[in-house]
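*Asks:* First the structure, then my questions, so here it is.
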Amino acid sequence: MLRLPKFSVLHPSSVAEAMQQMEDSQGQGRFLAGGTDLHPNMKHRLLEPKQLIALAGIEELHGISFADDGSCRIGAMTSLHEVATHPRLQSSYPALCQAAGLVSGPQLRHMGTLGGNVMLDTRCQWYNQSYFWRQALGFCMKKDGSKCHVVEGGSKCVAAASNDTAPALMTLQAELEWAQANGQSRMPIANLWQADGIWNKKVAPKELLVAIHLPAPSAHHFGAYGKLRDRGSIDFPLFGLAVTLDCNTDKTILSAGLCAVALQARPWPLKKAEALLVGTRLGDESFLAAVEQVAALASKQCRPMPNIPGDHEYRQAMVPVYTRHTLFAAAENRGPVHLL
Ligand SMILES: Cc1cc2nc3c(=O)[nH]c(=O)nc-3n(C[C@H](O)[C@H](O)[C@H](O)COP(=O)(O)OP(=O)(O)OC[C@H]3O[C@@H](n4cnc5c(N)ncnc54)[C@H](O)[C@@H]3O)c2cc1C
Ligand code: SF4
């Protein structure tokens with residue numbers, strides 16, 4: 001049995017109190033949301049914070065609300081279950097709800113939060129292991145060691161972003177609201193990531209994600225999420241793809257969003273593929289031809305590595321398959337795509 005290291009827990013009731021407690025912890029603190037990733041990582045001695053700052057009691061971090069202009073605010077502590085099952089979110093932002101609904105299994109979606117999913121650590125089959133296992137292998141660059149087992153001689157960790165909601169939030173052009181020691185700020189989610197598997201975010205762990213803001217969807221918005229995984233539940237993505245399509249009244253695509261996950265350290269937007277879809281009309285020959293081109297391009301641009309479990313050649317072969325299916329699911333207002 002793996003045991004947790006010793007730690008204490010604080011229960012702030014406001015963002016200001018939480019930030020002060022983080023400051024006082026002098027680098028030993030970590031925010032605790034649902035704990036569904038943090039606790040396993042602590043058991044594996046990947047993280048050993050002395051002080052957990054539990055966010056559950058801070059009211060402003062909870063809930064989903066819509067402004068008069070149709071834009072949406074989701075508190076960082078809102079559970080994945082709430083996100084996945086909220087009727088207005090489902091009709092406004094289908095790709096996000098489908099992605100949230102495919103995270104892990106029901107219990108973990110009730111405990112796990114959207115904020116915790118955005119802030120999820122990168123994953124690697126050589127890293128997400130017990131201390132004993134990692135020690136037997138001589139550790140690795142991400143924790144306790146100096147070499148990489150995925151890229152021999154590599155100087156950069158390529159552990160994979162594996163958070164299902166991240167690509168959906170990228171295609172929806174979400175903005176993230178932060179509390180920092182010196183005040184509050186907002187940033188587009190696209191600016192959050194960096195290509196470093198050791199820490200793939202440009203904000204420090206001591207900064208608090210307060211809320212996720214989504215712009216109002218267009219009148220004719222379509223979206224879907226496709227997730228390759230071994231089983232129908234519990235598993236992290238072996239490949240994930242979010243698709244959004246914004247159309248005019250005759251279903252001609254005005255703009256498209258495609259973003260993949262479970263490849264490398266950051267979610268991977270497929271910008272050239274997006275451009276191929278613009279101007280085509282859902283259901284027309286032009287759309288069918290563009291889907292084939294996009295699938296071929298995705299296959300070239302998405303190169304799964306042996307960083308996460310699952311045969312990477314199989315994952316590679318499934319990239320065009322999931323790309324096609326997810327595009328059709330979005331166009332036909334259905335989804336999610338998994339277990340083909
Ligand atoms: C068996 C299993 C299967 C899983 N399958 C999936 C899966 O398929 N897809 C997937 O995406 N995830 C999966 N997960 C991971 C996890 O359940 C989810 O990612 C979940 O959304 C994490 O949210 P949480 O609230 O539990 O975060 P926590 O575990 O509490 O926190 C995760 C990290 O985020 C930080 N953090 C949390 N909230 C904030 C905040 N507001 N501001 C700043 N930092 C914050 C924490 O300090 C910690 O570093 C799985 C986990 C398990 C154990
Ligand atoms: S990619 Fe994996 S093995 Fe390589 S340094 Fe990162 S966690 Fe370690």
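Each chain in the structure tokens gets a letter, A, B and so on, in the order shown; residues start at 1 in every chain, and ligands are counted from 1 in the order they appear.
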With DSSP run on the backbone, what are the strand (DSSP E) residues within range 38-276 of chain A? I'd like them as a short mmCIF file (atom, residue, chain, number, x, y, z; two decimals) with C-alpha atoms, in the first residue's frame.
*Replies:*
```
data_model
loop_
_atom_site.label_atom_id
_atom_site.label_comp_id
_atom_site.auth_asym_id
_atom_site.auth_seq_id
_atom_site.Cartn_x
_atom_site.Cartn_y
_atom_site.Cartn_z
CA GLN A 51 0.97 22.45 3.54
CA LEU A 52 -2.16 21.85 1.49
CA ILE A 53 -4.47 24.82 1.03
CA ALA A 54 -7.94 23.37 0.42
CA ILE A 64 -21.38 28.41 -13.51
CA SER A 65 -22.93 31.73 -14.51
CA PHE A 66 -23.86 33.45 -17.76
CA CYS A 72 -19.87 32.32 -19.34
CA ARG A 73 -17.85 32.19 -16.11
CA ILE A 74 -16.98 28.81 -14.59
CA GLY A 75 -15.42 28.91 -11.12
CA GLU A 175 -9.57 33.20 -20.69
CA LEU A 176 -8.14 32.32 -17.31
CA GLU A 177 -8.58 34.55 -14.26
CA TRP A 178 -5.75 34.39 -11.71
CA ALA A 179 -5.11 35.61 -8.21
CA GLN A 180 -1.45 36.41 -7.65
CA GLY A 183 -3.28 41.25 -7.51
CA GLN A 184 -5.46 39.66 -10.18
CA SER A 185 -4.92 39.07 -13.91
CA ARG A 186 -6.49 37.43 -16.94
CA MET A 187 -4.79 35.62 -19.82
CA PRO A 188 -5.88 33.69 -22.91
CA LEU A 208 -4.43 30.59 -7.96
CA LEU A 209 -6.73 29.91 -10.89
CA VAL A 210 -9.96 31.63 -9.89
CA ALA A 211 -12.21 31.12 -12.92
CA ILE A 212 -12.41 30.13 -16.56
CA HIS A 213 -14.20 32.60 -18.84
CA LEU A 214 -15.73 31.58 -22.18
CA HIS A 221 -21.69 26.80 -33.15
CA PHE A 222 -20.82 23.10 -33.38
CA GLY A 223 -18.31 21.12 -31.35
CA ALA A 224 -17.17 17.65 -30.33
CA TYR A 225 -14.42 15.89 -28.43
CA GLY A 226 -12.78 12.63 -29.51
CA LYS A 227 -10.79 10.54 -27.06
CA LEU A 228 -8.74 7.44 -27.77
CA PHE A 239 -4.94 10.84 -27.97
CA GLY A 240 -7.57 13.56 -27.60
CA LEU A 241 -8.93 16.00 -30.15
CA ALA A 242 -11.32 18.92 -29.64
CA VAL A 243 -13.14 20.39 -32.64
CA THR A 244 -15.23 23.56 -32.84
CA LEU A 245 -16.93 24.91 -35.98
CA ASP A 246 -18.59 28.33 -36.19
CA CYS A 247 -20.85 28.70 -39.22
CA ILE A 253 -17.76 27.37 -41.83
CA LEU A 254 -16.56 30.85 -40.85
CA SER A 255 -13.96 29.68 -38.36
CA ALA A 256 -12.75 26.36 -37.01
CA GLY A 257 -10.79 25.26 -33.95
CA LEU A 258 -8.80 22.03 -33.66
CA CYS A 259 -6.55 21.16 -30.75
CA ALA A 260 -4.97 17.83 -29.77
CA VAL A 261 -3.71 16.53 -26.44
CA TRP A 268 -1.27 21.12 -29.69
CA PRO A 269 -3.39 23.47 -31.87
#
```
*Asks:* Wanna dump the chain A-ligand 1 contacts at 8 Å for me, each residue with its shortest atom pair and the distance in Å to one decimal, counting only C-alpha atoms and all ligand atoms, ordered by chain and number, as a Markdown table?
*Replies:*
```
| residue | atom | partner | partner_atom_place_in_ligand_line | distance |
| --- | --- | --- | --- | --- |
| A:Arg30 | CA | ligand 1 | 47 (O) | 4.8 |
| A:Phe31 | CA | ligand 1 | 47 (O) | 4.0 |
| A:Leu32 | CA | ligand 1 | 30 (O) | 4.3 |
| A:Ala33 | CA | ligand 1 | 30 (O) | 3.4 |
| A:Gly34 | CA | ligand 1 | 25 (O) | 3.4 |
| A:Gly35 | CA | ligand 1 | 30 (O) | 3.3 |
| A:Thr36 | CA | ligand 1 | 26 (O) | 3.6 |
| A:Asp37 | CA | ligand 1 | 29 (O) | 3.4 |
| A:Leu38 | CA | ligand 1 | 29 (O) | 3.7 |
| A:His39 | CA | ligand 1 | 29 (O) | 6.3 |
| A:Pro40 | CA | ligand 1 | 53 (C) | 6.5 |
| A:Leu55 | CA | ligand 1 | 41 (N) | 7.3 |
| A:Leu61 | CA | ligand 1 | 41 (N) | 7.6 |
| A:Ala76 | CA | ligand 1 | 41 (N) | 5.1 |
| A:Met77 | CA | ligand 1 | 41 (N) | 6.3 |
| A:Ser79 | CA | ligand 1 | 25 (O) | 7.3 |
| A:Leu80 | CA | ligand 1 | 21 (O) | 6.6 |
| A:Ala100 | CA | ligand 1 | 11 (O) | 7.7 |
| A:Leu102 | CA | ligand 1 | 8 (O) | 6.4 |
| A:Val103 | CA | ligand 1 | 8 (O) | 3.9 |
| A:Ser104 | CA | ligand 1 | 5 (N) | 3.6 |
| A:Gly105 | CA | ligand 1 | 3 (C) | 7.1 |
| A:Leu108 | CA | ligand 1 | 17 (O) | 5.5 |
| A:Arg109 | CA | ligand 1 | 17 (O) | 6.9 |
| A:Met111 | CA | ligand 1 | 26 (O) | 6.0 |
| A:Gly112 | CA | ligand 1 | 26 (O) | 3.6 |
| A:Thr113 | CA | ligand 1 | 25 (O) | 3.7 |
| A:Leu114 | CA | ligand 1 | 21 (O) | 5.6 |
| A:Gly115 | CA | ligand 1 | 41 (N) | 4.8 |
| A:Gly116 | CA | ligand 1 | 23 (O) | 3.5 |
| A:Asn117 | CA | ligand 1 | 21 (O) | 3.5 |
| A:Val118 | CA | ligand 1 | 34 (O) | 7.2 |
| A:Met119 | CA | ligand 1 | 34 (O) | 4.2 |
| A:Leu120 | CA | ligand 1 | 33 (C) | 4.8 |
| A:Asp121 | CA | ligand 1 | 33 (C) | 6.4 |
| A:Ser162 | CA | ligand 1 | 11 (O) | 5.6 |
| A:Asn163 | CA | ligand 1 | 11 (O) | 3.4 |
| A:Asp164 | CA | ligand 1 | 11 (O) | 4.1 |
| A:Thr165 | CA | ligand 1 | 11 (O) | 6.4 |
| A:Trp178 | CA | ligand 1 | 42 (N) | 7.8 |
| A:Pro205 | CA | ligand 1 | 44 (N) | 5.9 |
| A:Lys206 | CA | ligand 1 | 43 (C) | 6.9 |
| A:Glu207 | CA | ligand 1 | 43 (C) | 5.8 |
| A:Leu208 | CA | ligand 1 | 42 (N) | 3.8 |
| A:Leu209 | CA | ligand 1 | 42 (N) | 3.7 |
| A:Val210 | CA | ligand 1 | 41 (N) | 5.7 |
| A:Ala211 | CA | ligand 1 | 41 (N) | 7.7 |
| A:Ser233 | CA | ligand 1 | 8 (O) | 7.6 |
| A:Ile234 | CA | ligand 1 | 3 (C) | 4.7 |
| A:Asp235 | CA | ligand 1 | 8 (O) | 4.7 |
| A:Phe236 | CA | ligand 1 | 8 (O) | 3.3 |
| A:Pro237 | CA | ligand 1 | 8 (O) | 5.6 |
```
*Asks:* Return as a short mmCIF file (atom, residue, chain, number, x, y, z; two decimals) with N, CA and C atoms, in the first residue's frame every polymer residue, whether protein, DNA or RNA, with at least one atom no more than 6 Å from an atom of ligand 2; count only C-alpha atoms and all ligand atoms.
*Replies:*
```cif
data_model
loop_
_atom_site.label_atom_id
_atom_site.label_comp_id
_atom_site.auth_asym_id
_atom_site.auth_seq_id
_atom_site.Cartn_x
_atom_site.Cartn_y
_atom_site.Cartn_z
N CYS A 124 3.80 10.81 -17.77
CA CYS A 124 4.75 9.98 -18.52
C CYS A 124 4.79 8.61 -17.86
N TRP A 126 7.19 6.79 -17.38
CA TRP A 126 8.39 6.61 -16.56
C TRP A 126 8.35 7.48 -15.30
N TYR A 127 7.32 8.32 -15.22
CA TYR A 127 7.21 9.29 -14.11
C TYR A 127 6.07 8.95 -13.16
N CYS A 140 14.39 9.96 -13.34
CA CYS A 140 14.49 10.67 -14.62
C CYS A 140 14.49 12.17 -14.36
N MET A 141 14.73 12.92 -15.43
CA MET A 141 14.91 14.38 -15.34
C MET A 141 13.75 15.11 -14.67
N LYS A 142 12.54 14.61 -14.84
CA LYS A 142 11.39 15.34 -14.29
C LYS A 142 11.39 15.29 -12.76
N CYS A 148 16.50 11.21 -19.58
CA CYS A 148 15.14 10.97 -20.07
C CYS A 148 15.09 9.57 -20.67
N HIS A 149 14.05 8.82 -20.33
CA HIS A 149 13.91 7.46 -20.86
C HIS A 149 13.11 7.43 -22.15
N VAL A 150 12.50 8.56 -22.51
CA VAL A 150 11.70 8.60 -23.74
C VAL A 150 12.58 9.01 -24.91
N CYS A 157 12.34 17.45 -21.03
CA CYS A 157 11.30 16.48 -20.68
C CYS A 157 10.13 16.63 -21.65
N VAL A 158 9.64 15.50 -22.16
CA VAL A 158 8.51 15.53 -23.11
C VAL A 158 7.28 14.81 -22.54
N ALA A 159 7.16 14.83 -21.21
CA ALA A 159 5.96 14.27 -20.58
C ALA A 159 4.74 14.99 -21.18
N GLY A 197 7.95 19.56 -20.27
CA GLY A 197 7.18 18.58 -19.52
C GLY A 197 7.41 18.62 -18.02
N ASN A 307 5.86 8.37 -24.57
CA ASN A 307 5.90 9.03 -23.26
C ASN A 307 4.77 8.56 -22.35
#
```
*Asks:* Mind checking which residues fall within 9 Å of Met305 in chain A, counting only C-alpha atoms, ignoring those fewer than 3 positions away in the same chain, and posting them as a PyMOL selection string?
*Replies:* chain A and resi 150-151+158+160+263-264+308+311-313+315-316
*Asks:* Distance CA of Ala262 in chain A-CA of Thr122 in chain A, one decimal place?
*Replies:*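 A separation of 9.0 Å between them.
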*Asks:* Which of these, A:Leu46, A:Leu89, A:Ala317, A:Ala174, has the shortest distance to Asp144 in chain A once you count only C-alpha atoms?
*Replies:*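 Among the listed residues, the smallest separation from Asp144 in chain A belongs to A:Leu46.
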*Asks:* Rank nothing, just name the residue among A:Pro49, A:Asn333, A:Ser13, A:Arg231 nearest to Ser25 in chain A, using only C-alpha atoms.
*Replies:*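 Nearest candidate to Ser25 in chain A out of A:Pro49, A:Asn333, A:Ser13, A:Arg231: A:Pro49.
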*Asks:* Any idea what's packed within 12 Å of Phe139 in chain A, counting only C-alpha atoms, ignoring anything in its chain fewer than 4 positions away? Could you give it as a VMD selection string?
*Replies:* chain A and resid 45 to 46 125 to 135 143 to 149
*Asks:* Which residues are near Ala298 in chain A? Cut-off 8 Å, only C-alpha atoms, ignore same chain within fewer than 6 positions. Put them as an NGL selection string.
*Replies:* :A and (270 or 273 or 319-320 or 323)
*Asks:* Mind giving me the straight-line distance from CA of Cys97 in chain A to CA of Ala290 in chain A in Å, one decimal?
*Replies:*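 Between CA of Cys97 in chain A and CA of Ala290 in chain A the gap works out to 25.6 Å.
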